[in-house]
$ cat entry05.txt   # compact mmCIF, C-alpha atoms and all ligand atoms
# COMPACT_ATOMS: atom_id res chain seq x y z
CA MET K 1 0.00 0.00 0.00
CA ARG K 2 2.79 2.37 0.99
CA VAL K 3 4.69 1.48 -2.14
CA LEU K 4 1.62 2.22 -4.23
CA ALA K 5 1.14 5.57 -2.54
CA MET K 6 4.79 6.42 -3.11
CA ALA K 7 4.57 5.42 -6.77
CA LEU K 8 1.47 7.55 -7.17
CA MET K 9 3.18 10.51 -5.56
CA LEU K 10 6.18 10.18 -7.84
CA LEU K 11 3.88 9.93 -10.84
CA LEU K 12 2.00 13.03 -9.75
CA SER K 13 5.13 15.01 -9.23
CA ALA K 14 6.38 13.90 -12.64
CA CYS K 15 3.18 15.22 -14.19
CA THR K 16 3.35 18.58 -12.50
CA ARG K 17 7.07 19.14 -13.17
CA ALA K 18 7.93 20.90 -16.36
CA PRO K 19 10.30 18.79 -18.49
CA GLU K 20 11.97 21.89 -19.86
CA PRO K 21 13.25 24.91 -17.95
CA ILE K 22 10.78 27.71 -17.41
CA GLN K 23 12.21 30.94 -18.75
CA HIS K 24 11.04 34.48 -18.27
CA GLN K 25 12.43 37.97 -18.85
CA ILE K 26 11.93 41.05 -16.72
CA TYR K 27 13.14 44.46 -17.87
CA THR K 28 14.66 46.25 -14.89
CA PHE K 29 17.85 48.07 -13.77
CA GLY K 30 18.17 49.20 -17.38
CA THR K 31 18.71 45.62 -18.47
CA LEU K 32 16.85 42.41 -19.22
CA VAL K 33 16.85 39.99 -16.32
CA ASP K 34 16.48 36.39 -17.43
CA ILE K 35 15.01 33.98 -14.91
CA THR K 36 15.41 30.28 -15.65
CA LEU K 37 13.83 27.71 -13.35
CA TRP K 38 14.32 23.98 -13.57
CA GLY K 39 12.20 21.23 -12.09
CA VAL K 40 9.27 23.30 -10.90
CA SER K 41 5.61 23.10 -11.79
CA GLN K 42 4.14 25.70 -14.12
CA ALA K 43 2.06 27.11 -11.26
CA LYS K 44 5.03 27.45 -8.90
CA GLY K 45 7.04 28.99 -11.74
CA GLU K 46 4.37 31.59 -12.38
CA GLN K 47 4.14 32.41 -8.69
CA ALA K 48 7.91 32.88 -8.51
CA LEU K 49 8.07 35.03 -11.61
CA ALA K 50 5.27 37.32 -10.43
CA MET K 51 7.04 37.75 -7.11
CA LEU K 52 10.40 38.56 -8.70
CA THR K 53 8.86 40.98 -11.20
CA GLU K 54 7.37 42.95 -8.32
CA ASP K 55 10.56 42.74 -6.24
CA PHE K 56 12.80 43.97 -9.04
CA ALA K 57 10.48 46.87 -9.84
CA ARG K 58 10.52 47.95 -6.18
CA MET K 59 14.30 47.61 -5.86
CA HIS K 60 14.89 49.61 -9.02
CA GLN K 61 12.59 52.37 -7.85
CA ASP K 62 14.15 52.48 -4.34
CA TRP K 63 17.77 52.24 -5.43
CA HIS K 64 17.98 54.51 -8.44
CA PRO K 65 20.23 57.48 -7.61
CA SER K 66 18.13 60.16 -9.28
CA GLU K 67 14.70 58.97 -10.37
CA GLY K 68 12.41 60.17 -7.61
CA GLY K 69 12.72 57.06 -5.40
CA ALA K 70 14.10 56.51 -1.90
CA LEU K 71 17.78 56.85 -2.83
CA ALA K 72 17.10 60.01 -4.84
CA ALA K 73 15.54 61.58 -1.71
CA VAL K 74 18.54 60.54 0.42
CA ASN K 75 20.94 62.01 -2.15
CA GLU K 76 19.03 65.26 -2.18
CA ARG K 77 19.77 65.66 1.56
CA LEU K 78 23.37 64.44 1.41
CA MET K 79 24.16 66.88 -1.39
CA HIS K 80 23.03 69.68 0.91
CA GLY K 81 25.28 68.33 3.67
CA GLU K 82 22.21 67.26 5.66
CA ALA K 83 21.55 64.01 7.52
CA ALA K 84 19.09 61.64 5.86
CA ASP K 85 16.68 59.06 7.31
CA LEU K 86 17.33 55.80 5.54
CA PRO K 87 14.31 53.64 4.73
CA GLU K 88 14.56 49.89 5.42
CA SER K 89 15.10 49.28 1.70
CA LEU K 90 18.42 51.16 1.76
CA LEU K 91 19.95 50.22 5.11
CA PRO K 92 21.48 46.88 4.09
CA LEU K 93 22.81 48.40 0.85
CA VAL K 94 24.60 51.17 2.71
CA ARG K 95 26.05 48.79 5.33
CA ARG K 96 27.23 46.15 2.89
CA SER K 97 28.60 48.58 0.33
CA THR K 98 30.52 50.47 3.01
CA GLU K 99 32.21 47.25 4.11
CA LEU K 100 33.06 46.31 0.52
CA SER K 101 34.25 49.81 -0.35
CA VAL K 102 36.67 49.79 2.61
CA ARG K 103 37.96 46.34 1.60
CA SER K 104 38.53 47.53 -1.97
CA GLY K 105 40.70 50.42 -0.74
CA GLY K 106 38.07 52.82 -2.10
CA LEU K 107 38.33 51.60 -5.72
CA PHE K 108 34.73 50.46 -5.45
CA ASN K 109 33.31 53.71 -4.12
CA PRO K 110 29.53 54.22 -4.15
CA ALA K 111 30.03 57.70 -2.62
CA ILE K 112 31.15 59.16 -5.99
CA GLY K 113 27.58 59.78 -7.13
CA ARG K 114 28.35 63.42 -7.98
CA LEU K 115 31.20 62.37 -10.28
CA ILE K 116 29.08 59.70 -12.01
CA ARG K 117 26.34 62.27 -12.51
CA LEU K 118 28.82 64.83 -13.86
CA TRP K 119 29.92 62.32 -16.50
CA GLY K 120 26.30 61.58 -17.36
CA PHE K 121 26.56 57.87 -16.55
CA SER K 122 23.82 57.84 -13.91
CA ASN K 123 21.11 57.93 -16.59
CA GLU K 124 20.78 54.41 -17.96
CA PHE K 125 18.71 55.57 -20.93
CA ALA K 126 21.26 57.97 -22.41
CA VAL K 127 24.96 57.76 -23.08
CA PRO K 128 26.84 61.07 -22.90
CA THR K 129 28.61 62.37 -25.99
CA ALA K 130 31.53 64.36 -24.53
CA PRO K 131 33.53 64.33 -21.30
CA PRO K 132 32.82 67.05 -18.74
CA ALA K 133 35.24 69.93 -18.18
CA GLY K 134 38.54 68.86 -16.61
CA ALA K 135 38.27 71.55 -13.92
CA GLU K 136 34.89 70.20 -12.78
CA ILE K 137 36.26 66.66 -12.55
CA GLU K 138 39.28 67.86 -10.58
CA ALA K 139 37.11 69.83 -8.17
CA LEU K 140 35.06 66.73 -7.31
CA VAL K 141 38.12 64.46 -7.05
CA ALA K 142 39.82 66.94 -4.71
CA ARG K 143 36.94 66.54 -2.26
CA ALA K 144 37.58 62.76 -2.17
CA PRO K 145 34.15 61.58 -0.99
CA SER K 146 34.13 58.14 0.63
CA MET K 147 31.70 55.82 2.39
CA GLN K 148 33.67 56.36 5.62
CA ASP K 149 32.60 60.03 5.57
CA LEU K 150 29.02 58.88 6.09
CA THR K 151 28.16 57.91 9.65
CA LEU K 152 25.23 55.61 10.23
CA GLU K 153 23.51 55.91 13.63
CA GLY K 154 20.37 53.81 13.78
CA ASN K 155 18.80 54.63 10.45
CA VAL K 156 20.20 58.16 10.23
CA LEU K 157 22.99 58.69 7.72
CA ARG K 158 25.06 61.75 8.55
CA PRO K 159 27.50 63.16 5.99
CA LYS K 160 30.77 64.90 6.91
CA ASP K 161 30.08 67.59 4.29
CA ASP K 162 28.15 67.84 1.01
CA ALA K 163 30.71 66.00 -1.17
CA ALA K 164 29.15 62.51 -1.20
CA ALA K 165 26.15 61.26 -3.14
CA LEU K 166 25.32 57.57 -3.38
CA ASP K 167 25.32 55.52 -6.56
CA PHE K 168 24.91 51.76 -6.22
CA GLY K 169 25.25 51.08 -9.95
CA ALA K 170 28.32 48.89 -9.39
CA PHE K 171 26.71 46.66 -6.82
CA ALA K 172 22.90 46.89 -6.71
CA LYS K 173 22.50 44.33 -9.47
CA GLY K 174 24.49 41.79 -7.47
CA TYR K 175 22.57 42.59 -4.34
CA ALA K 176 19.27 42.23 -6.21
CA VAL K 177 20.32 38.90 -7.73
CA ASP K 178 21.19 37.58 -4.25
CA ARG K 179 17.77 38.65 -3.03
CA ALA K 180 16.04 37.03 -5.97
CA ILE K 181 17.81 33.72 -5.31
CA GLU K 182 16.83 33.92 -1.64
CA ARG K 183 13.21 34.46 -2.66
CA LEU K 184 13.30 31.48 -5.02
CA ARG K 185 14.77 29.31 -2.30
CA GLY K 186 12.04 30.51 0.04
CA LEU K 187 9.57 29.00 -2.43
CA GLY K 188 11.43 25.70 -2.36
CA ILE K 189 13.06 26.23 -5.78
CA GLU K 190 16.53 24.65 -5.87
CA HIS K 191 17.56 24.86 -9.51
CA ALA K 192 17.59 28.30 -11.09
CA ILE K 193 19.56 31.03 -12.78
CA VAL K 194 18.92 34.73 -12.28
CA ASN K 195 20.81 36.42 -15.09
CA ALA K 196 20.89 40.22 -15.19
CA GLY K 197 22.38 41.05 -18.59
CA GLY K 198 25.17 38.44 -18.36
CA ASP K 199 25.76 38.85 -14.62
CA LEU K 200 24.20 35.97 -12.77
CA ARG K 201 23.84 33.60 -9.88
CA ALA K 202 23.09 29.97 -10.57
CA ILE K 203 21.91 27.41 -8.03
CA GLY K 204 21.51 23.67 -8.44
CA ARG K 205 21.68 22.05 -11.85
CA ARG K 206 19.96 21.90 -15.21
CA GLY K 207 18.57 18.43 -14.70
CA GLU K 208 21.43 15.95 -15.11
CA ARG K 209 23.91 18.60 -16.16
CA PRO K 210 25.46 21.61 -14.44
CA TRP K 211 24.58 25.09 -15.71
CA ARG K 212 27.05 26.26 -18.37
CA ILE K 213 27.81 29.98 -18.39
CA GLY K 214 29.32 32.07 -21.19
CA ILE K 215 31.63 35.04 -20.63
CA ARG K 216 31.53 37.49 -23.50
CA GLN K 217 34.44 38.89 -25.42
CA PRO K 218 35.29 42.43 -24.36
CA ARG K 219 36.04 43.31 -27.99
CA GLY K 220 34.03 41.97 -30.89
CA LYS K 221 31.10 39.65 -30.61
CA GLY K 222 30.64 36.22 -29.11
CA ILE K 223 31.80 34.20 -26.18
CA LEU K 224 35.38 34.35 -24.93
CA ALA K 225 35.15 31.53 -22.42
CA SER K 226 32.68 29.29 -20.66
CA LEU K 227 32.41 27.61 -17.32
CA GLU K 228 30.17 25.14 -15.54
CA THR K 229 28.81 26.34 -12.22
CA ARG K 230 29.08 24.22 -9.11
CA GLY K 231 26.11 24.17 -6.75
CA ASP K 232 25.70 27.84 -5.95
CA GLU K 233 27.82 30.42 -7.73
CA SER K 234 27.72 33.92 -9.10
CA VAL K 235 29.57 35.10 -12.20
CA PHE K 236 29.86 38.88 -12.59
CA THR K 237 31.71 40.83 -15.26
CA SER K 238 32.55 44.52 -15.43
CA GLY K 239 33.62 45.78 -18.84
CA ASP K 240 34.57 49.00 -20.55
CA TYR K 241 32.30 48.00 -23.45
CA GLU K 242 29.05 48.05 -21.50
CA ARG K 243 28.43 51.80 -21.59
CA PHE K 244 30.82 54.10 -23.37
CA PHE K 245 31.16 56.87 -25.92
CA GLU K 246 33.91 58.03 -28.20
CA HIS K 247 35.02 61.62 -28.34
CA GLU K 248 37.84 62.98 -30.52
CA GLY K 249 39.18 59.49 -31.09
CA ARG K 250 39.21 58.49 -27.41
CA ARG K 251 37.00 56.00 -25.68
CA TYR K 252 35.32 56.96 -22.39
CA HIS K 253 33.52 54.28 -20.41
CA HIS K 254 31.30 54.20 -17.34
CA ILE K 255 33.65 52.74 -14.69
CA LEU K 256 35.45 55.65 -13.09
CA ASP K 257 38.68 55.63 -11.14
CA PRO K 258 37.78 57.62 -8.01
CA ARG K 259 41.44 58.75 -7.72
CA SER K 260 41.60 60.42 -11.13
CA GLY K 261 37.93 61.09 -11.84
CA TYR K 262 38.38 59.56 -15.31
CA PRO K 263 37.40 56.15 -16.74
CA ALA K 264 39.69 53.40 -15.40
CA GLN K 265 42.61 52.49 -17.66
CA GLY K 266 44.32 49.20 -18.42
CA ALA K 267 41.65 46.50 -18.23
CA THR K 268 38.84 45.92 -20.72
CA SER K 269 36.95 43.41 -18.59
CA VAL K 270 37.07 41.63 -15.27
CA THR K 271 35.08 38.54 -14.34
CA VAL K 272 34.70 37.39 -10.75
CA VAL K 273 33.27 34.03 -9.70
CA SER K 274 32.08 33.81 -6.12
CA ARG K 275 29.12 32.45 -4.23
CA ASP K 276 27.96 35.91 -3.18
CA ALA K 277 26.64 38.00 -6.10
CA ALA K 278 26.91 41.35 -4.28
CA LEU K 279 30.58 40.68 -3.52
CA ALA K 280 31.25 39.48 -7.08
CA ASP K 281 29.62 42.62 -8.51
CA ALA K 282 31.51 45.07 -6.27
CA ALA K 283 34.79 43.19 -6.76
CA ALA K 284 34.48 43.09 -10.58
CA THR K 285 34.13 46.88 -10.59
CA ALA K 286 36.98 47.40 -8.09
CA LEU K 287 39.35 45.08 -9.98
CA LEU K 288 38.61 46.79 -13.28
CA VAL K 289 39.67 50.03 -11.63
CA ALA K 290 42.74 48.33 -10.10
CA GLY K 291 43.84 47.19 -13.58
CA PRO K 292 46.44 44.60 -14.70
CA GLU K 293 49.11 45.86 -12.27
CA HIS K 294 47.19 45.88 -9.01
CA TRP K 295 44.20 43.56 -9.28
CA VAL K 296 45.80 40.73 -7.26
CA GLU K 297 46.21 42.80 -4.09
CA VAL K 298 42.66 44.12 -4.32
CA ALA K 299 41.26 40.62 -4.97
CA LYS K 300 43.06 39.41 -1.84
CA ALA K 301 41.73 42.28 0.24
CA MET K 302 38.18 41.64 -0.97
CA GLY K 303 38.38 37.88 -0.48
CA VAL K 304 37.79 36.70 -4.06
CA SER K 305 39.88 33.86 -5.44
CA GLU K 306 38.43 33.18 -8.91
CA VAL K 307 39.17 36.13 -11.19
CA MET K 308 39.88 36.74 -14.87
CA LEU K 309 41.05 40.12 -16.18
CA VAL K 310 41.43 40.91 -19.87
CA ASP K 311 43.88 43.74 -20.48
CA GLY K 312 44.01 46.28 -23.30
CA THR K 313 46.12 43.98 -25.50
CA GLY K 314 43.70 41.05 -25.15
CA LYS K 315 45.96 39.15 -22.77
CA VAL K 316 44.17 37.27 -20.00
CA HIS K 317 45.36 37.52 -16.39
CA MET K 318 43.84 34.85 -14.21
CA THR K 319 43.97 33.12 -10.84
CA PRO K 320 44.94 29.42 -10.95
CA ALA K 321 41.62 28.48 -9.32
CA LEU K 322 39.62 29.91 -12.21
CA ALA K 323 42.10 28.78 -14.88
CA ALA K 324 41.56 25.19 -13.71
CA ARG K 325 37.90 25.22 -14.70
CA ILE K 326 37.43 27.75 -17.49
CA ARG K 327 37.27 26.77 -21.16
CA PHE K 328 38.21 29.22 -23.89
CA GLU K 329 35.73 29.30 -26.77
CA VAL K 330 37.97 31.20 -29.22
CA THR K 331 40.78 29.90 -31.40
CA PRO K 332 43.55 30.53 -30.94
CA ALA K 333 43.08 30.74 -27.17
CA PRO K 334 44.37 34.03 -25.77
CA GLU K 335 47.72 34.39 -24.05
CA VAL K 336 47.25 33.71 -20.32
CA GLU K 337 49.29 34.92 -17.38
CA LEU K 338 48.53 33.13 -14.14
CA SER K 339 48.71 34.97 -10.84
CA GLU K 340 49.70 33.47 -7.52
CA SER K 341 46.98 31.37 -5.82
CA LEU K 342 44.53 33.51 -3.87
P1 LIG W 1 29.58 47.69 -13.01
O1 LIG W 1 29.06 47.45 -14.37
O2 LIG W 1 29.07 46.75 -11.97
O3 LIG W 1 31.10 47.74 -12.98
O4 LIG W 1 29.05 49.10 -12.52
C1 LIG W 1 29.28 50.29 -13.22
C2 LIG W 1 28.43 51.42 -12.65
O5 LIG W 1 28.87 51.68 -11.29
C3 LIG W 1 28.58 52.74 -13.36
O6 LIG W 1 27.59 52.89 -14.35
C4 LIG W 1 28.40 53.75 -12.23
O7 LIG W 1 27.02 53.95 -11.96
C5 LIG W 1 29.00 53.05 -11.05
N1 LIG W 1 30.45 53.29 -10.86
C6 LIG W 1 31.38 53.70 -11.77
N2 LIG W 1 32.62 53.72 -11.24
C7 LIG W 1 32.48 53.30 -9.95
C8 LIG W 1 33.41 53.08 -8.87
N3 LIG W 1 34.72 53.28 -9.00
N4 LIG W 1 32.88 52.66 -7.68
C9 LIG W 1 31.56 52.46 -7.52
N5 LIG W 1 30.66 52.63 -8.49
C10 LIG W 1 31.10 53.04 -9.70
MG MG W 2 29.97 45.75 -10.41
$ encode --input "entry05.txt" --output "structure tokens"
Amino acid sequence: MRVLAMALMLLLSACTRAPEPIQHQIYTFGTLVDITLWGVSQAKGEQALAMLTEDFARMHQDWHPSEGGALAAVNERLMHGEAADLPESLLPLVRRSTELSVRSGGLFNPAIGRLIRLWGFSNEFAVPTAPPAGAEIEALVARAPSMQDLTLEGNVLRPKDDAAALDFGAFAKGYAVDRAIERLRGLGIEHAIVNAGGDLRAIGRRGERPWRIGIRQPRGKGILASLETRGDESVFTSGDYERFFEHEGRRYHHILDPRSGYPAQGATSVTVVSRDAALADAAATALLVAGPEHWVEVAKAMGVSEVMLVDGTGKVHMTPALAARIRFEVTPAPEVELSESL
């Protein structure tokens, strides 16, 4: 009798499980977020997708630096040198990004909102056409805003002066992807990918196989390399090709070196593999700023051990841990320089 009941249960679950992954796209954070679920019923899949659609819309509204949401209101006060009450939706972002900013030695610096706005990179719908005046850049850099200048007491964020404005563009996507995965797990979903424009976290497997992830070429089209995820992993890439413009023969991209006020030089893309998507996102940005000469020290300080950096000549700099599992998808494979083990 028990065997029969078990067999019936298995049969039922087989009927309600989708044989193919359920896939859905949500447009948010200025990008398409692809949600892929494996091994869930159509009904559960729809429930999950509705929940994530709502979540992402709320996060985008709350976290956008200048679009009339919660962060925009906070920035308005900070830019007048006034203390701001942080809503619940922003507290964890401020705490976590401060910790990561300190660990990155200030290369990941969400307090440079004024500089990002000056360049015109805070508007995801428009790419600027010319760099701002050098004197304006220098004036903002001289004020050296940092997350440590903002003191958090309870939910009150007090600035040292009016130099800092917050921009979570380098990290909010990772944070949101972590939250989405948590929500899916809360619904009992164990096999999924949340992919925000190529930056993703994957849990579980695609049936019998692991999830296989592509890393795009920083120059030209197509995939540079691929990798199979293990259990629960995030893969985040920062690149100078994502948002940029050309002016008088020079290329200006959206990842700024807080020390110079200009787009970071030396690396064209950095990929970080880590369990934690928020960490991977912040680290990818920080290591792109650090460049081919200094990325290893910053990776150590941030606690990431699987990193690939492509430099301006197309050469790949990589940690041995990532080199051991990545597969190049281009021929000939690029020249690779391995770092020490991290
Ligand atoms: P990502 O693609 O994750 O590297 O994030 C790039 C975005 O982060 C930019 O569009 C800016 O909004 C913001 N950003 C640029 N430079 C920095 C930096 N050095 N630290 C923190 N955020 C930055
Ligand atoms: Mg980032």
$ residues_near_ligand --input "entry05.txt" --ligand "ligand LIG 1 (chain W)" --cutoff "7 Å" --atoms "all atoms listed in the file" --output "PyMOL selection string"
chain K and resi 107-110+112+116+121-122+167-171+238-239+254-258+281-282+284-286+289
$ closest_atom_pairs --input "entry05.txt" --of "region 222-249 of chain K" --to "region 199-214 of chain K" --cutoff "8 Å" --atoms "all atoms listed in the file" --output "Markdown table"
| residue | atom | partner | partner_atom | distance |
| --- | --- | --- | --- | --- |
| K:Ile223 | CA | K:Gly214 | CA | 6.0 |
| K:Leu224 | CA | K:Gly214 | CA | 7.5 |
| K:Ala225 | CA | K:Gly214 | CA | 6.0 |
| K:Ser226 | CA | K:Gly214 | CA | 4.4 |
| K:Leu227 | CA | K:Ile213 | CA | 5.3 |
| K:Glu228 | CA | K:Arg212 | CA | 4.4 |
| K:Thr229 | CA | K:Trp211 | CA | 5.6 |
| K:Arg230 | CA | K:Pro210 | CA | 7.0 |
| K:Gly231 | CA | K:Gly204 | CA | 4.9 |
| K:Asp232 | CA | K:Ile203 | CA | 4.3 |
| K:Glu233 | CA | K:Arg201 | CA | 5.5 |
| K:Ser234 | CA | K:Arg201 | CA | 4.0 |
| K:Val235 | CA | K:Leu200 | CA | 5.5 |
| K:Phe236 | CA | K:Asp199 | CA | 4.6 |
| K:Thr237 | CA | K:Asp199 | CA | 6.3 |
$ write_last_selection --input "entry05.txt" --atoms "C-alpha atoms" --output "compact mmCIF listing (two decimals), keeping the file's coordinate frame"
# COMPACT_ATOMS: atom_id res chain seq x y z
CA ILE K 223 31.80 34.20 -26.18
CA LEU K 224 35.38 34.35 -24.93
CA ALA K 225 35.15 31.53 -22.42
CA SER K 226 32.68 29.29 -20.66
CA LEU K 227 32.41 27.61 -17.32
CA GLU K 228 30.17 25.14 -15.54
CA THR K 229 28.81 26.34 -12.22
CA ARG K 230 29.08 24.22 -9.11
CA GLY K 231 26.11 24.17 -6.75
CA ASP K 232 25.70 27.84 -5.95
CA GLU K 233 27.82 30.42 -7.73
CA SER K 234 27.72 33.92 -9.10
CA VAL K 235 29.57 35.10 -12.20
CA PHE K 236 29.86 38.88 -12.59
CA THR K 237 31.71 40.83 -15.26
$ closest_residue --input "entry05.txt" --among "K:His191, K:Arg103, K:Arg219, K:Arg179" --to "Tyr241 (chain K)" --atoms "only C-alpha atoms"
K:Arg219
$ closest_residue --input "entry05.txt" --among "K:Gly222, K:Gly188, K:Gly198, K:Gly69" --to "ligand MG 2 (chain W)" --atoms "all atoms listed in the file"
K:Gly198
$ atom_distance --input "entry05.txt" --atom1 "CA of Ile326 (chain K)" --atom2 "CA of Pro292 (chain K)"
19.3 Å
$ residues_around --input "entry05.txt" --residues "Ala323 (chain K)" --least-positions-apart "4" --cutoff "8 Å" --atoms "all atoms listed in the file" --output "list in words"
Met318, Thr319 and Leu338 of chain K
$ axis_aligned_box --input "entry05.txt" --around "region 89-93 of chain K" --padding-each-side "8 Å" --output "JSON"
{"center_x": 19.0, "center_y": 49.0, "center_z": 3.0, "size_x": 23.7, "size_y": 20.3, "size_z": 20.3}
$ closest_residue --input "entry05.txt" --among "K:Arg143, K:Arg185, K:Lys300, K:Arg114" --to "Lys44 (chain K)" --atoms "only C-alpha atoms"
K:Arg185
$ closest_residue --input "entry05.txt" --among "K:Pro159, K:Gly174, K:Gly154, K:Pro132" --to "ligand MG 2 (chain W)" --atoms "all atoms listed in the file"
K:Gly174
$ residues_near_point --input "entry05.txt" --point "(9.8, 38.7, -7.4)" --cutoff "10 Å" --atoms "all atoms listed in the file" --output "list in words"
Ile26, Gln47, Ala48, Leu49, Ala50, Met51, Leu52, Thr53, Glu54, Asp55, Phe56, Ala57, Arg58, Arg179, Ala180, Ile181, Arg183 and Leu184 of chain K
$ residues_near_point --input "entry05.txt" --point "(37.9, 36.9, -13.6)" --cutoff "9 Å" --atoms "only C-alpha atoms" --output "short mmCIF file (atom, residue, chain, number, x, y, z; two decimals) with C-alpha atoms, in the frame of the given file"
data_model
loop_
_atom_site.label_atom_id
_atom_site.label_comp_id
_atom_site.auth_asym_id
_atom_site.auth_seq_id
_atom_site.Cartn_x
_atom_site.Cartn_y
_atom_site.Cartn_z
CA VAL K 235 29.57 35.10 -12.20
CA PHE K 236 29.86 38.88 -12.59
CA THR K 237 31.71 40.83 -15.26
CA SER K 269 36.95 43.41 -18.59
CA VAL K 270 37.07 41.63 -15.27
CA THR K 271 35.08 38.54 -14.34
CA VAL K 272 34.70 37.39 -10.75
CA VAL K 273 33.27 34.03 -9.70
CA ALA K 284 34.48 43.09 -10.58
CA SER K 305 39.88 33.86 -5.44
CA GLU K 306 38.43 33.18 -8.91
CA VAL K 307 39.17 36.13 -11.19
CA MET K 308 39.88 36.74 -14.87
CA LEU K 309 41.05 40.12 -16.18
CA VAL K 310 41.43 40.91 -19.87
CA VAL K 316 44.17 37.27 -20.00
CA HIS K 317 45.36 37.52 -16.39
CA MET K 318 43.84 34.85 -14.21
CA THR K 319 43.97 33.12 -10.84
CA LEU K 322 39.62 29.91 -12.21
#
$ atom_distance --input "entry05.txt" --atom1 "CA of Gln23 (chain K)" --atom2 "CA of Val177 (chain K)"
15.8 Å
$ atom_distance --input "entry05.txt" --atom1 "CA of Glu340 (chain K)" --atom2 "CA of Phe328 (chain K)"
20.4 Å
$ residues_around --input "entry05.txt" --residues "Ala164 (chain K)" --least-positions-apart "5" --cutoff "7 Å" --atoms "all atoms listed in the file" --output "list of chain:residue names"
K:Leu78, K:Met79, K:Ala111, K:Ile112, K:Gly113, K:Arg114, K:Pro145, K:Ser146
$ residues_around --input "entry05.txt" --residues "region 82-98 of chain K" --least-positions-apart "5" --cutoff "6 Å" --atoms "all atoms listed in the file" --output "ChimeraX atom specification"
/K:74,77,147,155-158
$ decode --input "entry05.txt" --residues "region 251-262 of chain K" --atoms "N, CA, C and O atoms" --output "short mmCIF file (atom, residue, chain, number, x, y, z; two decimals), in the first residue's frame"
data_model
loop_
_atom_site.label_atom_id
_atom_site.label_comp_id
_atom_site.auth_asym_id
_atom_site.auth_seq_id
_atom_site.Cartn_x
_atom_site.Cartn_y
_atom_site.Cartn_z
N ARG K 251 38.14 56.73 -26.19
CA ARG K 251 37.00 56.00 -25.68
C ARG K 251 36.84 56.33 -24.19
O ARG K 251 37.80 56.31 -23.42
N TYR K 252 35.61 56.65 -23.80
CA TYR K 252 35.32 56.96 -22.39
C TYR K 252 34.23 56.01 -21.92
O TYR K 252 33.15 55.97 -22.51
N HIS K 253 34.52 55.23 -20.88
CA HIS K 253 33.52 54.28 -20.41
C HIS K 253 33.04 54.62 -19.00
O HIS K 253 33.54 55.56 -18.38
N HIS K 254 32.09 53.82 -18.52
CA HIS K 254 31.30 54.20 -17.34
C HIS K 254 31.91 53.80 -15.99
O HIS K 254 31.31 54.06 -14.95
N ILE K 255 33.06 53.13 -15.98
CA ILE K 255 33.65 52.74 -14.69
C ILE K 255 34.78 53.72 -14.38
O ILE K 255 35.79 53.76 -15.08
N LEU K 256 34.55 54.52 -13.35
CA LEU K 256 35.45 55.65 -13.09
C LEU K 256 36.45 55.30 -12.00
O LEU K 256 36.12 54.62 -11.02
N ASP K 257 37.67 55.78 -12.18
CA ASP K 257 38.68 55.63 -11.14
C ASP K 257 38.50 56.81 -10.18
O ASP K 257 38.73 57.96 -10.56
N PRO K 258 38.07 56.52 -8.94
CA PRO K 258 37.78 57.62 -8.01
C PRO K 258 39.00 58.50 -7.73
O PRO K 258 38.86 59.64 -7.32
N ARG K 259 40.22 57.98 -8.00
CA ARG K 259 41.44 58.75 -7.72
C ARG K 259 41.71 59.79 -8.80
O ARG K 259 42.28 60.83 -8.54
N SER K 260 41.33 59.48 -10.04
CA SER K 260 41.60 60.42 -11.13
C SER K 260 40.34 61.15 -11.58
O SER K 260 40.41 62.24 -12.14
N GLY K 261 39.18 60.52 -11.36
CA GLY K 261 37.93 61.09 -11.84
C GLY K 261 37.62 60.72 -13.28
O GLY K 261 36.58 61.07 -13.81
N TYR K 262 38.54 59.96 -13.91
CA TYR K 262 38.38 59.56 -15.31
C TYR K 262 38.12 58.05 -15.41
O TYR K 262 38.41 57.32 -14.46
#
